[in-house]
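Next comes final_25.tsv, a file with TSV, C-alpha atoms and all ligand atoms.
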chain	number	residue	atom	x	y	z
A	1	MET	CA	0.00	0.00	0.00
A	2	PRO	CA	1.40	3.46	-0.84
A	3	GLU	CA	1.75	5.89	2.07
A	4	PRO	CA	-1.23	8.27	2.30
A	5	PRO	CA	-0.32	11.78	1.15
A	6	PRO	CA	0.41	14.35	3.88
A	7	GLU	CA	-2.62	16.26	5.09
A	8	ASN	CA	-1.27	19.82	4.83
A	9	PRO	CA	1.06	19.95	1.85
A	10	VAL	CA	0.77	23.68	0.99
A	11	ALA	CA	4.00	24.83	-0.62
A	12	ASP	CA	5.21	28.16	0.75
A	13	THR	CA	7.00	29.09	-2.44
A	14	GLU	CA	5.44	30.96	-5.33
A	15	ASP	CA	5.49	29.34	-8.74
A	16	ALA	CA	4.71	31.32	-11.86
A	17	ALA	CA	5.57	28.45	-14.24
A	18	VAL	CA	2.35	26.64	-13.57
A	19	GLY	CA	0.30	24.01	-15.19
A	20	THR	CA	2.79	21.76	-16.87
A	21	PHE	CA	2.62	18.01	-16.43
A	22	SER	CA	5.90	16.36	-17.38
A	23	ASP	CA	5.59	12.92	-18.98
A	24	ASP	CA	6.42	11.00	-15.84
A	25	GLU	CA	3.81	12.93	-13.85
A	26	GLN	CA	0.89	12.16	-16.11
A	27	GLY	CA	-1.97	10.75	-14.15
A	28	SER	CA	-0.11	10.67	-10.86
A	29	VAL	CA	-0.02	14.36	-9.88
A	30	ALA	CA	-2.72	16.93	-9.19
A	31	HIS	CA	-1.87	20.62	-9.03
A	32	VAL	CA	-3.82	23.08	-6.89
A	33	TYR	CA	-3.14	26.80	-7.31
A	34	THR	CA	-4.29	29.48	-4.89
A	35	VAL	CA	-4.29	33.23	-5.38
A	36	GLU	CA	-5.55	36.29	-3.52
A	37	PRO	CA	-8.34	37.88	-5.58
A	38	ILE	CA	-7.87	41.23	-7.33
A	39	ALA	CA	-8.65	43.85	-4.67
A	40	GLU	CA	-10.14	46.68	-6.70
A	41	ARG	CA	-11.22	47.56	-10.19
A	42	ASP	CA	-8.81	49.77	-12.16
A	43	GLY	CA	-7.40	50.09	-15.69
A	44	ARG	CA	-5.54	46.80	-15.38
A	45	THR	CA	-8.74	45.05	-14.36
A	46	ASP	CA	-10.36	46.22	-17.59
A	47	GLU	CA	-7.47	44.67	-19.56
A	48	LEU	CA	-7.98	41.37	-17.72
A	49	ILE	CA	-11.72	41.48	-18.45
A	50	ALA	CA	-11.00	41.99	-22.16
A	51	GLY	CA	-8.27	39.32	-22.26
A	52	PHE	CA	-9.74	36.57	-20.08
A	53	LEU	CA	-13.56	36.73	-20.16
A	54	ASP	CA	-15.75	35.72	-23.08
A	55	ALA	CA	-18.93	37.67	-23.85
A	56	GLY	CA	-21.15	35.59	-21.55
A	57	GLU	CA	-18.64	35.81	-18.71
A	58	ARG	CA	-18.41	39.59	-19.11
A	59	GLU	CA	-22.18	39.81	-18.68
A	60	ARG	CA	-21.97	37.58	-15.62
A	61	PHE	CA	-19.11	39.67	-14.24
A	62	GLU	CA	-21.20	42.84	-14.43
A	63	ARG	CA	-24.19	41.17	-12.74
A	64	PHE	CA	-22.25	40.07	-9.62
A	65	ILE	CA	-22.97	42.01	-6.43
A	66	PRO	CA	-21.07	42.89	-4.24
A	67	GLU	CA	-17.89	44.09	-5.92
A	68	HIS	CA	-15.62	41.59	-4.16
A	69	SER	CA	-17.66	38.66	-5.59
A	70	ARG	CA	-17.27	40.16	-9.06
A	71	LEU	CA	-13.51	40.40	-8.64
A	72	GLU	CA	-13.30	36.87	-7.20
A	73	PHE	CA	-15.12	35.60	-10.30
A	74	LEU	CA	-12.72	37.49	-12.60
A	75	THR	CA	-9.69	36.22	-10.68
A	76	GLY	CA	-11.04	32.68	-10.96
A	77	ARG	CA	-11.31	32.91	-14.75
A	78	VAL	CA	-7.84	34.49	-15.05
A	79	LEU	CA	-6.33	31.72	-12.92
A	80	LEU	CA	-8.26	28.92	-14.63
A	81	ARG	CA	-7.59	30.07	-18.20
A	82	SER	CA	-3.89	30.70	-17.41
A	83	VAL	CA	-3.39	27.24	-15.91
A	84	LEU	CA	-5.40	25.34	-18.52
A	85	ALA	CA	-3.78	27.27	-21.40
A	86	LYS	CA	-0.36	26.21	-20.12
A	87	CYS	CA	-1.47	22.59	-19.84
A	88	LEU	CA	-2.99	22.64	-23.33
A	89	GLY	CA	-0.30	24.72	-25.04
A	90	VAL	CA	-2.80	27.33	-26.25
A	91	LYS	CA	-3.54	30.99	-25.47
A	92	PRO	CA	-5.80	31.71	-22.45
A	93	ALA	CA	-8.47	33.23	-24.69
A	94	GLU	CA	-8.59	29.96	-26.68
A	95	VAL	CA	-9.66	27.93	-23.64
A	96	GLY	CA	-13.40	27.38	-23.99
A	97	PHE	CA	-15.80	26.00	-21.42
A	98	GLU	CA	-19.07	24.17	-21.64
A	99	ILE	CA	-21.32	23.91	-18.62
A	100	ASP	CA	-22.99	20.54	-17.92
A	101	GLU	CA	-26.57	20.06	-16.68
A	102	ASN	CA	-25.39	20.39	-13.05
A	103	GLY	CA	-23.59	23.67	-13.67
A	104	LYS	CA	-20.07	22.19	-13.64
A	105	PRO	CA	-17.73	23.68	-16.26
A	106	HIS	CA	-15.70	21.32	-18.50
A	107	LEU	CA	-13.28	21.98	-21.34
A	108	ALA	CA	-14.93	22.59	-24.70
A	109	ASN	CA	-13.32	22.19	-28.11
A	110	ASN	CA	-10.07	20.78	-26.74
A	111	ILE	CA	-10.60	17.23	-27.90
A	112	GLY	CA	-7.79	14.80	-27.13
A	113	HIS	CA	-7.04	16.18	-23.72
A	114	ASP	CA	-8.17	14.46	-20.58
A	115	LEU	CA	-7.67	17.40	-18.24
A	116	GLN	CA	-10.04	17.61	-15.31
A	117	PHE	CA	-10.34	20.77	-13.27
A	118	ASN	CA	-12.41	22.59	-10.72
A	119	LEU	CA	-12.55	26.09	-9.28
A	120	SER	CA	-13.57	27.67	-5.98
A	121	HIS	CA	-13.70	31.21	-4.66
A	122	THR	CA	-14.36	32.74	-1.28
A	123	ARG	CA	-13.65	36.10	0.33
A	124	GLY	CA	-9.89	36.60	0.02
A	125	LEU	CA	-8.98	33.39	-1.82
A	126	VAL	CA	-9.44	31.69	-5.19
A	127	ALA	CA	-8.25	28.17	-5.97
A	128	CYS	CA	-8.21	25.90	-8.98
A	129	ALA	CA	-7.33	22.22	-9.07
A	130	VAL	CA	-6.27	20.30	-12.16
A	131	CYS	CA	-5.25	16.73	-12.91
A	132	ARG	CA	-5.45	14.20	-15.71
A	133	ALA	CA	-8.26	11.72	-16.16
A	134	HIS	CA	-9.71	11.73	-12.63
A	135	PRO	CA	-12.77	13.71	-11.47
A	136	ILE	CA	-11.52	16.42	-9.11
A	137	GLY	CA	-13.24	18.92	-6.82
A	138	VAL	CA	-11.86	21.83	-4.80
A	139	ASP	CA	-13.45	24.06	-2.20
A	140	VAL	CA	-12.13	27.06	-0.29
A	141	GLU	CA	-13.92	28.84	2.53
A	142	ILE	CA	-13.05	31.80	4.67
A	143	ILE	CA	-13.21	30.98	8.38
A	144	GLU	CA	-16.15	32.91	9.82
A	145	PRO	CA	-16.90	31.69	13.35
A	146	ALA	CA	-20.45	33.11	13.22
A	147	ARG	CA	-21.32	30.62	10.44
A	148	ALA	CA	-20.14	27.58	12.40
A	149	THR	CA	-23.39	27.06	14.28
A	150	ALA	CA	-24.95	23.81	15.46
A	151	GLY	CA	-28.04	24.67	13.38
A	152	ILE	CA	-26.05	24.86	10.14
A	153	ALA	CA	-24.20	21.65	10.99
A	154	GLU	CA	-27.50	19.86	11.64
A	155	ARG	CA	-28.85	21.09	8.32
A	156	PHE	CA	-25.87	20.19	6.11
A	157	PHE	CA	-23.75	17.58	7.89
A	158	SER	CA	-24.37	13.87	8.50
A	159	ARG	CA	-25.38	12.68	11.97
A	160	ALA	CA	-21.89	11.29	12.62
A	161	GLU	CA	-20.26	14.59	11.63
A	162	THR	CA	-22.67	16.64	13.77
A	163	ALA	CA	-22.15	14.37	16.78
A	164	GLU	CA	-18.37	14.62	16.47
A	165	LEU	CA	-18.53	18.40	16.15
A	166	ALA	CA	-20.63	18.64	19.31
A	167	THR	CA	-17.73	17.18	21.34
A	168	LEU	CA	-15.50	20.17	20.44
A	169	LYS	CA	-15.44	23.74	21.74
A	170	GLY	CA	-14.13	27.17	20.72
A	171	ASN	CA	-11.56	27.39	17.92
A	172	ASP	CA	-11.31	23.58	17.69
A	173	ARG	CA	-15.02	23.43	16.86
A	174	VAL	CA	-14.84	26.28	14.34
A	175	GLY	CA	-11.82	24.71	12.62
A	176	ARG	CA	-13.47	21.29	12.50
A	177	PHE	CA	-16.68	22.85	11.10
A	178	PHE	CA	-14.89	24.43	8.14
A	179	LYS	CA	-12.73	21.38	7.58
A	180	ILE	CA	-15.83	19.19	7.29
A	181	TRP	CA	-17.65	21.81	5.19
A	182	THR	CA	-14.86	22.17	2.62
A	183	LEU	CA	-14.30	18.41	2.38
A	184	LYS	CA	-18.01	17.77	1.79
A	185	GLU	CA	-18.12	20.50	-0.84
A	186	ALA	CA	-14.98	19.14	-2.55
A	187	TYR	CA	-16.62	15.70	-2.72
A	188	ILE	CA	-19.87	16.97	-4.25
A	189	LYS	CA	-17.91	19.16	-6.67
A	190	ALA	CA	-15.74	16.25	-7.84
A	191	HIS	CA	-18.91	14.17	-8.14
A	192	GLY	CA	-20.41	16.99	-10.19
A	193	ARG	CA	-24.03	16.51	-9.17
A	194	GLY	CA	-23.97	19.39	-6.70
A	195	MET	CA	-26.37	19.33	-3.76
A	196	ARG	CA	-28.34	16.48	-5.38
A	197	VAL	CA	-25.78	14.03	-3.91
A	198	GLY	CA	-27.43	14.57	-0.50
A	199	LEU	CA	-25.06	16.00	2.09
A	200	GLY	CA	-26.34	13.73	4.87
A	201	ASN	CA	-25.67	10.59	2.82
A	202	PHE	CA	-21.93	10.60	3.37
A	203	SER	CA	-19.53	11.43	6.20
A	204	VAL	CA	-15.97	12.65	6.02
A	205	GLU	CA	-13.77	10.66	8.38
A	206	LEU	CA	-10.93	12.59	9.94
A	207	ALA	CA	-7.89	10.77	11.26
A	208	GLU	CA	-4.79	12.55	12.52
A	209	ARG	CA	-2.97	12.60	9.16
A	210	SER	CA	-5.52	11.42	6.64
A	211	VAL	CA	-9.09	11.94	5.49
A	212	GLY	CA	-11.51	9.26	4.35
A	213	ILE	CA	-15.19	9.02	3.54
A	214	SER	CA	-18.04	6.66	4.38
A	215	PHE	CA	-21.39	6.33	2.66
A	216	ALA	CA	-24.92	5.56	3.79
A	217	ASP	CA	-26.08	2.10	2.65
A	218	ARG	CA	-28.31	3.57	-0.04
A	219	ILE	CA	-25.32	5.24	-1.76
A	220	ASP	CA	-23.55	3.22	-4.44
A	221	ASP	CA	-20.01	4.52	-4.01
A	222	ASP	CA	-16.72	3.08	-2.80
A	223	PRO	CA	-14.64	4.86	-0.12
A	224	ALA	CA	-11.49	3.22	-1.54
A	225	ALA	CA	-11.99	5.07	-4.82
A	226	TRP	CA	-11.57	8.46	-3.20
A	227	GLN	CA	-8.71	10.61	-1.99
A	228	PHE	CA	-8.94	13.83	0.03
A	229	ILE	CA	-6.68	16.50	1.40
A	230	SER	CA	-7.44	19.35	3.77
A	231	ALA	CA	-5.15	22.36	4.15
A	232	ASN	CA	-4.92	25.90	5.50
A	233	PRO	CA	-3.42	27.89	2.61
A	234	THR	CA	-3.73	31.00	4.84
A	235	ALA	CA	-4.56	31.46	8.52
A	236	ARG	CA	-8.05	32.66	7.45
A	237	HIS	CA	-8.96	29.89	5.01
A	238	PHE	CA	-9.63	26.18	4.69
A	239	LEU	CA	-9.08	24.36	1.41
A	240	ALA	CA	-10.11	20.82	0.52
A	241	VAL	CA	-9.55	18.67	-2.56
A	242	ALA	CA	-11.34	15.45	-3.51
A	243	ILE	CA	-10.22	13.13	-6.31
A	244	ARG	CA	-11.89	9.96	-7.53
A	245	HIS	CA	-8.88	7.93	-8.68
A	246	GLY	CA	-10.71	4.59	-8.56
A	247	ALA	CA	-10.26	1.70	-6.15
A	248	ALA	CA	-7.56	0.00	-8.23
A	249	ALA	CA	-5.28	3.05	-8.62
A	250	ALA	CA	-2.81	4.66	-6.24
A	251	PRO	CA	-3.53	8.06	-4.67
A	252	LEU	CA	-2.20	11.08	-6.56
A	253	ASP	CA	0.51	13.42	-5.34
A	254	ILE	CA	-1.50	16.60	-4.66
A	255	ARG	CA	0.67	19.73	-4.79
A	256	VAL	CA	-0.75	23.00	-3.47
A	257	THR	CA	1.07	26.14	-4.62
A	258	GLN	CA	0.49	29.87	-4.43
A	259	TRP	CA	0.09	31.21	-7.97
A	260	ALA	CA	2.23	34.26	-8.66
A	261	GLY	CA	1.08	34.61	-12.27
A	262	LEU	CA	-1.42	37.41	-11.62
A	263	SER	CA	1.34	39.92	-10.95
A	264	HIS	CA	3.10	38.94	-14.22
A	265	LEU	CA	0.11	39.54	-16.52
B	301	LIG	C1	-22.35	25.51	-6.87
B	301	LIG	C2	-21.66	24.54	-5.94
B	301	LIG	C3	-21.05	23.49	-6.78
B	301	LIG	C4	-20.53	25.20	-5.15
B	301	LIG	O1	-20.87	26.44	-4.70
B	301	LIG	P1	-19.99	27.32	-3.73
B	301	LIG	O2	-19.30	26.50	-2.70
B	301	LIG	O3	-20.89	28.38	-3.27
B	301	LIG	O4	-18.93	28.01	-4.69
B	301	LIG	P2	-17.41	27.68	-5.09
B	301	LIG	O5	-16.78	29.00	-5.28
B	301	LIG	O6	-16.74	26.71	-4.22
B	301	LIG	O7	-17.57	26.97	-6.50
B	301	LIG	C5	-18.12	27.63	-7.59
B	301	LIG	C6	-17.45	27.09	-8.84
B	301	LIG	O8	-17.64	25.68	-8.91
B	301	LIG	C7	-17.86	25.32	-10.28
B	301	LIG	N1	-19.13	24.60	-10.31
B	301	LIG	C8	-20.38	25.05	-10.56
B	301	LIG	N2	-21.28	24.04	-10.48
B	301	LIG	C9	-20.56	22.93	-10.17
B	301	LIG	C10	-20.92	21.56	-9.95
B	301	LIG	N3	-22.18	21.10	-10.05
B	301	LIG	N4	-19.93	20.68	-9.64
B	301	LIG	C11	-18.66	21.11	-9.54
B	301	LIG	N5	-18.25	22.38	-9.75
B	301	LIG	C12	-19.21	23.29	-10.04
B	301	LIG	C13	-17.85	26.59	-11.10
B	301	LIG	O9	-16.56	26.71	-11.69
B	301	LIG	C14	-18.07	27.68	-10.09
B	301	LIG	O10	-17.36	28.85	-10.32
B	301	LIG	P3	-17.73	29.85	-11.54
B	301	LIG	O11	-19.18	30.10	-11.41
B	301	LIG	O12	-16.88	31.04	-11.31
B	301	LIG	O13	-17.36	29.08	-12.77
B	301	LIG	C15	-22.68	23.79	-5.10
B	301	LIG	O14	-22.00	22.81	-4.40
B	301	LIG	C16	-23.52	24.54	-4.13
B	301	LIG	O15	-24.51	25.14	-4.45
B	301	LIG	N6	-23.18	24.48	-2.88
B	301	LIG	C17	-23.98	25.11	-1.83
B	301	LIG	C18	-23.16	25.37	-0.64
B	301	LIG	C19	-23.69	24.65	0.58
B	301	LIG	O16	-24.79	24.90	1.05
B	301	LIG	N7	-22.90	23.73	1.11
B	301	LIG	C20	-23.20	22.96	2.27
B	301	LIG	C21	-21.95	22.77	3.07
B	301	LIG	S1	-21.43	21.13	3.26

Take the structure from the file and write it as structure tokens.
Ligand SMILES: CC(C)(COP(=O)(O)OP(=O)(O)OC[C@H]1O[C@@H](n2cnc3c(N)ncnc32)[C@H](O)[C@@H]1OP(=O)(O)O)[C@@H](O)C(=O)NCCC(=O)NCCS
Amino acid sequence: MPEPPPENPVADTEDAAVGTFSDDEQGSVAHVYTVEPIAERDGRTDELIAGFLDAGERERFERFIPEHSRLEFLTGRVLLRSVLAKCLGVKPAEVGFEIDENGKPHLANNIGHDLQFNLSHTRGLVACAVCRAHPIGVDVEIIEPARATAGIAERFFSRAETAELATLKGNDRVGRFFKIWTLKEAYIKAHGRGMRVGLGNFSVELAERSVGISFADRIDDDPAAWQFISANPTARHFLAVAIRHGAAAAPLDIRVTQWAGLSHL
């Protein structure tokens, strides 16, 4: 059995040369890039809008309220198109998306590539995850203690998760709340069916250095097919990644890196 990957593997170095998978990495590595969202709209922002958003995305950008959500969306598209363009060897503007019936974006018109990706944004942080062949989901959340209530846990978490949370107090409870939240979101985002999966139908299982999952009897899924990591890319954020590599395959090496590319554009 391969060693499980470390739980908090966030690299503390910046890496502008993102998105390349060397031949020996193919299928065995997942890259996760995090970036602080653009803080305010200025002339440079307008250049990014023109260079990185298609017509539909520009309309969406203008509809977002408040302003920080708008800029998180823009930052997400800049990050995603930059990373995928590097992987595909094309220009960022040539990366097209199609949205499936559950709202999950996939690559359009890039036939022959098996890249899988996912995106998440929250106040102060944007992340994208990319790997080959395996469904992948990423979630980032800002830690807001006021959201970590028993009522929200009872509404969204499984019974086992809620019971475990109730044994904790103070910062331990808040941290555990957002760890569970992001892991559950990462799972449903990798799955792609969104909230239709049923958040109470599965439980994330937290050991000291690893994360697993268990399913209610009515769910036809295999815990051995899944891999998770949880990390704190900043002191204010939780990040989780879920990958379905399949029961027969080894876990991937998941590398989390701060993306410095925004300042080079
Ligand atoms: C839409 C959803 C996939 C994630 O929403 P979210 O956590 O608010 O937002 P995130 O920033 O993490 O993710 C949004 C991105 O995920 C991607 N996405 C959208 N639908 C998706 C789906 N069905 N599956 C995977 N990814 C999806 C998109 O890229 C989207 O960003 P974009 O609109 O800029 O392209 C969905 O899970 C949802 O509605 N969640 C509700 C949150 C909740 O109540 N969670 C309970 C806590 S356990």

Query raised in the report: Which of these, A:Val174, A:Ile65, A:Ile143, A:Leu125, has the shortest distance to Arg236 (chain A) once you count all atoms listed in the file?
Result: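 Among the listed residues, the smallest separation from Arg236 (chain A) belongs to A:Ile143.
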
Query raised in the report: In terms of the shortest atom-to-atom distance over all atoms listed in the file, which of A:Leu74, A:Val90, A:Ala50, A:Leu119 is closest to Lys104 (chain A)?
Result: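 Closest to Lys104 (chain A) of all the choices is A:Leu119.
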
**Report entry** Proximity to Ala250 (chain A) - best of A:Ala163, A:Ala150, A:Cys128, A:Val29, all atoms listed in the file
**Finding:**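 With all atoms listed in the file as the atom set, the closest residue is A:Val29.
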
Could you make a table, as a tab-separated table, of the residues of chain A that have an atom within 7 Å of an atom of ligand LIG 301 (chain B), each with its nearest atom pair and distance in Å to one decimal, counting only C-alpha atoms and all ligand atoms, in chain and number order?
residue	atom	partner	partner_atom	distance
A:Phe73	CA	B:LIG301	O12	5.0
A:Gly76	CA	B:LIG301	O12	6.1
A:Arg77	CA	B:LIG301	O12	6.8
A:Asn102	CA	B:LIG301	N3	4.5
A:Gly103	CA	B:LIG301	N2	4.0
A:Lys104	CA	B:LIG301	C9	3.6
A:Pro105	CA	B:LIG301	O9	5.6
A:Asn118	CA	B:LIG301	N5	5.9
A:Leu119	CA	B:LIG301	O9	4.7
A:Ser120	CA	B:LIG301	O5	3.5
A:His121	CA	B:LIG301	O5	3.8
A:Thr122	CA	B:LIG301	O5	6.0
A:Gly137	CA	B:LIG301	C11	6.4
A:Val138	CA	B:LIG301	O6	6.9
A:Asp139	CA	B:LIG301	O6	4.7
A:Val140	CA	B:LIG301	O6	6.1
A:Phe156	CA	B:LIG301	S1	5.4
A:Phe157	CA	B:LIG301	S1	6.3
A:Trp181	CA	B:LIG301	S1	4.3
A:Thr182	CA	B:LIG301	S1	6.7
A:Lys184	CA	B:LIG301	S1	5.0
A:Glu185	CA	B:LIG301	S1	5.3
A:Ile188	CA	B:LIG301	O14	6.2
A:Lys189	CA	B:LIG301	C11	3.5
A:Ala190	CA	B:LIG301	C11	5.9
A:His191	CA	B:LIG301	N4	6.8
A:Gly192	CA	B:LIG301	N4	3.8
A:Arg193	CA	B:LIG301	N3	5.0
A:Gly194	CA	B:LIG301	N3	4.2
A:Met195	CA	B:LIG301	O14	5.6
A:Leu199	CA	B:LIG301	S1	6.4

Report task. Name all residues at most 9 Å from region 215-232 of chain A (count all atoms listed in the file; drop same-chain ones fewer than 3 positions away) and give them as an MDAnalysis selection string. Result -> chainID A and resid 4:10 179 182:183 186:187 200:204 210:212 235:249 251:252 254 256

Query raised in the report: Which residue gives the smallest distance to Arg176 (chain A) among A:Leu265, A:Ala207, A:Ala85, A:Ala129, with only C-alpha atoms counted?
Result: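 Closest to Arg176 (chain A) of all the choices is A:Ala207.
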
Report summary line: In Å and to one decimal, CA of Pro145 (chain A) is distant from CA of Arg70 (chain A) by 24.0 Å

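CA of Glu59 (chain A) is found 19.6 Å from CA of Ala108 (chain A).
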
Report task. Using all atoms listed in the file, find the one residue out of A:Asp253, A:Glu98, A:Asp54, A:Glu205 that sits nearest to Ala160 (chain A). Result ->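 The shortest atom-to-atom distance to Ala160 (chain A) comes from A:Glu205.
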
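Taking CA of Ala30 (chain A) as the reference point, CA of Glu141 (chain A) is found at 20.1 Å.
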
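With all atoms listed in the file as the atoms that count, the residue of A:Asp172, A:Asp114, A:Glu72, A:Asp46 with the shortest distance to Arg132 (chain A) is A:Asp114.
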
Determine the axis-aligned bounding box of all atoms of region 122-131 of chain A present in the file, pad each side by 4 Å, and express its centre and edge lengths in Å to one decimal place as AutoDock Vina command-line options.
--center_x -9.8 --center_y 26.7 --center_z -6.3 --size_x 17.1 --size_y 27.9 --size_z 21.2

Region 38-62 of chain A from the block above: N, CA and C atoms written as a short mmCIF file (atom, residue, chain, number, x, y, z; two decimals), in the first residue's frame:
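Ended up saving to part_33.cif:
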data_model
loop_
_atom_site.label_atom_id
_atom_site.label_comp_id
_atom_site.auth_asym_id
_atom_site.auth_seq_id
_atom_site.Cartn_x
_atom_site.Cartn_y
_atom_site.Cartn_z
N ILE A 38 -8.11 39.81 -7.00
CA ILE A 38 -7.87 41.23 -7.33
C ILE A 38 -8.68 42.07 -6.34
N ALA A 39 -8.02 43.11 -5.78
CA ALA A 39 -8.65 43.85 -4.67
C ALA A 39 -9.59 44.94 -5.14
N GLU A 40 -9.25 45.61 -6.25
CA GLU A 40 -10.14 46.68 -6.70
C GLU A 40 -10.08 46.85 -8.21
N ARG A 41 -11.13 47.41 -8.75
CA ARG A 41 -11.22 47.56 -10.19
C ARG A 41 -10.44 48.80 -10.62
N ASP A 42 -9.55 48.63 -11.61
CA ASP A 42 -8.81 49.77 -12.16
C ASP A 42 -8.55 49.49 -13.64
N GLY A 43 -7.66 50.25 -14.25
CA GLY A 43 -7.40 50.09 -15.69
C GLY A 43 -6.89 48.69 -16.02
N ARG A 44 -6.08 48.14 -15.14
CA ARG A 44 -5.54 46.80 -15.38
C ARG A 44 -6.65 45.76 -15.34
N THR A 45 -7.61 45.98 -14.45
CA THR A 45 -8.74 45.05 -14.36
C THR A 45 -9.48 45.00 -15.70
N ASP A 46 -9.65 46.17 -16.31
CA ASP A 46 -10.36 46.22 -17.59
C ASP A 46 -9.60 45.42 -18.67
N GLU A 47 -8.26 45.48 -18.61
CA GLU A 47 -7.47 44.67 -19.56
C GLU A 47 -7.69 43.18 -19.32
N LEU A 48 -7.76 42.79 -18.04
CA LEU A 48 -7.98 41.37 -17.72
C LEU A 48 -9.38 40.93 -18.18
N ILE A 49 -10.36 41.80 -18.00
CA ILE A 49 -11.72 41.48 -18.45
C ILE A 49 -11.71 41.22 -19.96
N ALA A 50 -11.03 42.12 -20.69
CA ALA A 50 -11.00 41.99 -22.16
C ALA A 50 -10.22 40.75 -22.58
N GLY A 51 -9.16 40.41 -21.84
CA GLY A 51 -8.27 39.32 -22.26
C GLY A 51 -8.70 37.94 -21.78
N PHE A 52 -9.49 37.88 -20.70
CA PHE A 52 -9.74 36.57 -20.08
C PHE A 52 -11.20 36.17 -20.00
N LEU A 53 -12.14 37.10 -20.25
CA LEU A 53 -13.56 36.73 -20.16
C LEU A 53 -14.18 36.72 -21.55
N ASP A 54 -15.00 35.69 -21.82
CA ASP A 54 -15.75 35.72 -23.08
C ASP A 54 -17.00 36.59 -22.87
N ALA A 55 -17.80 36.72 -23.92
CA ALA A 55 -18.93 37.67 -23.85
C ALA A 55 -19.89 37.31 -22.72
N GLY A 56 -20.22 36.02 -22.60
CA GLY A 56 -21.15 35.59 -21.55
C GLY A 56 -20.58 35.84 -20.16
N GLU A 57 -19.28 35.60 -20.02
CA GLU A 57 -18.64 35.81 -18.71
C GLU A 57 -18.58 37.30 -18.36
N ARG A 58 -18.41 38.15 -19.38
CA ARG A 58 -18.41 39.59 -19.11
C ARG A 58 -19.78 40.03 -18.58
N GLU A 59 -20.83 39.49 -19.18
CA GLU A 59 -22.18 39.81 -18.68
C GLU A 59 -22.34 39.34 -17.24
N ARG A 60 -21.87 38.12 -16.99
CA ARG A 60 -21.97 37.58 -15.62
C ARG A 60 -21.18 38.43 -14.65
N PHE A 61 -19.98 38.83 -15.07
CA PHE A 61 -19.11 39.67 -14.24
C PHE A 61 -19.85 40.93 -13.80
N GLU A 62 -20.53 41.58 -14.74
CA GLU A 62 -21.20 42.84 -14.43
C GLU A 62 -22.41 42.62 -13.52
#
